[in-house]
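Below is one structure, written out as structure tokens; comments come after it.
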Amino acid sequence: MSEYQKPDVIFEDNHLIIVNKRPGEIVQGDKTGDAPMSDHVKQYIKEKYNKPGEVFLGTVHRIDRPVSGIVMFARTSKALARMNNLFQEKKIYKTYWAVVKQKPAHLQEHLIRFLTKNEKQNKSYCSKTEKAGALKSELTYTLLASSDNYHLLEIDPQTGRHHQIRAMLADIGCAIKGDLKYGFNRSNPDGSIHLHARAVRFEHPVTKEVIFLEANPPKDPVWDYFVSIV
């Protein structure tokens with residue numbers, strides 16, 4: 001296992017633990033064999049609460065490795081089942097920030113595309129018309145701010161398809177900064193892309209309290225600039 005990285009916890013109680021993921025971390029184990037974030041969160045819980053034996057941790061959802069931001073885990077099987085239900089019922093509302101080079105044609109737009117996933121390439125392709133095997137994907141973007149070189153978009157996805165934000169923004173000519181896979185012209189030095197899971201809102205699965213959380217993007221000059229003006 002790689003060196004322990006203390007997670008950036010933004011919410012925790014007996015039922016849930018919600019963290020701000022760094023770009024480059026994987027949420028769950030994959031073929032790389034790198035230690036997943038879930039291992040680090042388990043270790044954090046074990047040390048903080050002095051728990052003997054195996055720690056239960058359920059992964060509620062994932063975000064791509066080069067993406068940063070909010071990731072939710074459940075600390076009990078009951079909370080995991082209830083959070084999964086909230087996702088299926090589309091009662092978890094997520095907001096993303098993306099930095100793009102090309103200014104979009106509209107200040108705000110609702111996009112509908114049909115996405116086909118290529119497993120071999122780990123990439124999704126957009127179509128404006130229905131195709132066999134393609135999944136309907138929806139999001140709304142809003143232009144929040146602009147700098148001399150880049151534009152900050154806020155994205156509200158209405159579906160949760162594979163790479164949907166990356167693919168759909170690229171489809172309108174607005175590839176995300178650093179995202180070579182979807183047509184940006186150069187990578188970021190650390191392999192990240194400028195896509196960040198910024199906020200989440202949902203009803204707590206046990207207490208029924210409305211939870212609203214925001215997570216700051218990673219520190220870098222581009223993100224720092226936009227955080228300072230919005």
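Just so we're on the same page: first chain in the structure tokens is A, next is B, and so on; residues restart at 1 for each chain, and ligands are numbered from 1 in the order they show up.
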Which parts of region 8-227 of chain A does DSSP call helix (DSSP H, G or I) when run on the backbone here, written out as a ChimeraX atom specification?
/A:37-49,77-88,164-171,180-182,221-227
Would you mind listing what lies within 12 Å of Asp8 (chain A) as a PDB file with C-alpha atoms, in the first residue's frame, with only C-alpha atoms counted and same-chain residues fewer than 2 positions away left out?
```
ATOM      1  CA  GLN A   5      -2.634  10.379   2.841  1.00  0.00           C
ATOM      2  CA  LYS A   6      -4.930  11.915   5.419  1.00  0.00           C
ATOM      3  CA  ILE A  10     -15.568  18.141   4.921  1.00  0.00           C
ATOM      4  CA  PHE A  11     -18.384  16.296   6.721  1.00  0.00           C
ATOM      5  CA  GLU A  12     -18.604  13.309   9.030  1.00  0.00           C
ATOM      6  CA  ILE A  17     -18.062  10.672   5.700  1.00  0.00           C
ATOM      7  CA  ILE A  18     -17.623  13.135   2.837  1.00  0.00           C
ATOM      8  CA  VAL A  19     -14.217  14.203   1.547  1.00  0.00           C
ATOM      9  CA  ASN A  20     -12.630  16.607  -0.920  1.00  0.00           C
ATOM     10  CA  LYS A  21     -10.681  14.364  -3.308  1.00  0.00           C
ATOM     11  CA  ARG A  22      -7.343  15.481  -4.682  1.00  0.00           C
ATOM     12  CA  MET A  37      -8.910   6.770  -1.408  1.00  0.00           C
ATOM     13  CA  HIS A  40      -7.083   6.104   3.343  1.00  0.00           C
ATOM     14  CA  VAL A  41     -10.556   7.012   4.623  1.00  0.00           C
ATOM     15  CA  TYR A  44      -8.500   7.749   9.080  1.00  0.00           C
ATOM     16  CA  SER A  68     -11.074  16.729  -7.845  1.00  0.00           C
ATOM     17  CA  GLY A  69     -13.854  17.429  -5.388  1.00  0.00           C
ATOM     18  CA  ILE A  70     -16.627  15.931  -3.308  1.00  0.00           C
ATOM     19  CA  VAL A  71     -16.820  12.166  -2.823  1.00  0.00           C
ATOM     20  CA  MET A  72     -19.304  10.556  -0.430  1.00  0.00           C
ATOM     21  CA  ALA A 215     -15.424  21.950  -1.523  1.00  0.00           C
ATOM     22  CA  ASN A 216     -12.665  24.272  -2.685  1.00  0.00           C
ATOM     23  CA  PRO A 217     -10.755  23.361  -5.845  1.00  0.00           C
ATOM     24  CA  PRO A 218      -7.047  22.429  -5.652  1.00  0.00           C
TER      25      PRO A 218
END
```
Please provide as a ChimeraX atom specification all residues within 12 Å of Leu135 (chain A), with the sequence filter that same-chain residues fewer than 4 positions apart are discarded (counting only C-alpha atoms).
/A:112-117,124-131,159-164
List every residue of region 114-144 of chain A that has an atom at most 10 Å from any atom of region 90-105 of chain A, and for each one report the closest atom pair and its distance in Å to one decimal, counting only C-alpha atoms, with rows sorted by chain and then by increasing residue number, as CSV.
```
residue,atom,partner,partner_atom,distance
A:Thr140,CA,A:Thr95,CA,9.9
A:Tyr141,CA,A:Tyr96,CA,9.2
A:Thr142,CA,A:Pro104,CA,9.3
A:Leu143,CA,A:Pro104,CA,7.8
A:Leu144,CA,A:Trp97,CA,9.2
```
Kindly export the residues of the current selection with N, CA and C atoms, as a JSON list (two decimals), in the first residue's frame.
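Full text of again-v4.json as output:
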```
[["chain", "number", "residue", "atom", "x", "y", "z"],
["A", 140, "THR", "N", -26.95, 21.06, -17.47],
["A", 140, "THR", "CA", -27.10, 22.49, -17.70],
["A", 140, "THR", "C", -25.80, 23.17, -17.29],
["A", 141, "TYR", "N", -25.27, 24.03, -18.15],
["A", 141, "TYR", "CA", -24.08, 24.79, -17.75],
["A", 141, "TYR", "C", -24.42, 26.27, -17.69],
["A", 142, "THR", "N", -23.68, 26.99, -16.85],
["A", 142, "THR", "CA", -23.78, 28.44, -16.73],
["A", 142, "THR", "C", -22.38, 29.01, -16.74],
["A", 143, "LEU", "N", -22.15, 30.05, -17.52],
["A", 143, "LEU", "CA", -20.85, 30.74, -17.52],
["A", 143, "LEU", "C", -20.80, 31.63, -16.28],
["A", 144, "LEU", "N", -19.86, 31.31, -15.37],
["A", 144, "LEU", "CA", -19.75, 32.06, -14.11],
["A", 144, "LEU", "C", -18.78, 33.24, -14.20]]
```
Who sits within 8 Å of Gly178 (chain A), only C-alpha atoms, same chain under 3 positions skipped, as a list in words
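The neighbour list is Phe184, Asn185, Arg186, Ser187, Asn188, Gly191, Ser192, Ile193 and His194 of chain A.
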Using backbone DSSP assignments, extract all strand (DSSP E or B) residues from chain A; output them as a PyMOL selection string.
chain A and resi 9-12+16-21+58-59+68-74+93-100+108-118+123-127+135-146+151-157+176+195-203+210-214
Between A:Thr207, A:Asn50, A:Asn84, A:Gln108, which has the minimum distance to Ile155 (chain A) (counting only C-alpha atoms)?
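Looking at the shortest contact to Ile155 (chain A), the residue is A:Gln108.
Of the residues listed (A:Leu57, A:Val227, A:Ala167, A:Ile63), A:Ala167 shows the shortest atom-to-atom separation from Ser137 (chain A); distances use only C-alpha atoms.
The coordinates place CA of Ala74 (chain A) at 4.8 Å from CA of Gly58 (chain A).
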Nearest residue to Asp13 (chain A) out of A:Pro52, A:Gly133, A:Pro205, A:Ser38, using only C-alpha atoms?
A:Pro205
Please identify all polymer residues within 12 Å of Asp39 (chain A), counting only C-alpha atoms, omitting same-chain residues fewer than 3 positions from it, and present them as a ChimeraX atom specification.
/A:1-7,25-29,34-36,42-46,54-59,73
Output file for the selection above: C-alpha atoms, as a PDB file, in the first residue's frame:
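That gives us selection-v9.pdb:
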```
ATOM      1  CA  MET A   1       0.000   0.000   0.000  1.00  0.00           C
ATOM      2  CA  SER A   2       1.245   3.471  -0.843  1.00  0.00           C
ATOM      3  CA  GLU A   3       1.933   6.030   1.842  1.00  0.00           C
ATOM      4  CA  TYR A   4      -1.112   7.062   3.884  1.00  0.00           C
ATOM      5  CA  GLN A   5      -2.634  10.379   2.841  1.00  0.00           C
ATOM      6  CA  LYS A   6      -4.930  11.915   5.419  1.00  0.00           C
ATOM      7  CA  PRO A   7      -8.212  12.678   3.637  1.00  0.00           C
ATOM      8  CA  GLU A  25      -6.437   9.862  -6.323  1.00  0.00           C
ATOM      9  CA  ILE A  26      -8.579   6.863  -7.229  1.00  0.00           C
ATOM     10  CA  VAL A  27     -11.799   6.395  -5.297  1.00  0.00           C
ATOM     11  CA  GLN A  28     -11.766   2.592  -5.471  1.00  0.00           C
ATOM     12  CA  GLY A  29      -9.064   0.080  -6.398  1.00  0.00           C
ATOM     13  CA  ASP A  34      -2.526   2.067  -6.426  1.00  0.00           C
ATOM     14  CA  ALA A  35      -4.024   2.443  -2.963  1.00  0.00           C
ATOM     15  CA  PRO A  36      -7.532   3.838  -3.343  1.00  0.00           C
ATOM     16  CA  LYS A  42     -10.806   3.649   6.423  1.00  0.00           C
ATOM     17  CA  GLN A  43      -7.431   4.240   8.044  1.00  0.00           C
ATOM     18  CA  TYR A  44      -8.500   7.749   9.080  1.00  0.00           C
ATOM     19  CA  ILE A  45     -11.639   6.336  10.774  1.00  0.00           C
ATOM     20  CA  LYS A  46      -9.653   3.518  12.405  1.00  0.00           C
ATOM     21  CA  GLU A  54     -12.092  -4.075   9.813  1.00  0.00           C
ATOM     22  CA  VAL A  55     -13.781  -0.712   9.247  1.00  0.00           C
ATOM     23  CA  PHE A  56     -16.980  -0.704   7.152  1.00  0.00           C
ATOM     24  CA  LEU A  57     -16.927   1.869   4.379  1.00  0.00           C
ATOM     25  CA  GLY A  58     -19.356   1.919   1.471  1.00  0.00           C
ATOM     26  CA  THR A  59     -18.563   3.902  -1.658  1.00  0.00           C
ATOM     27  CA  PHE A  73     -18.841   7.390   1.596  1.00  0.00           C
TER      28      PHE A  73
END
```
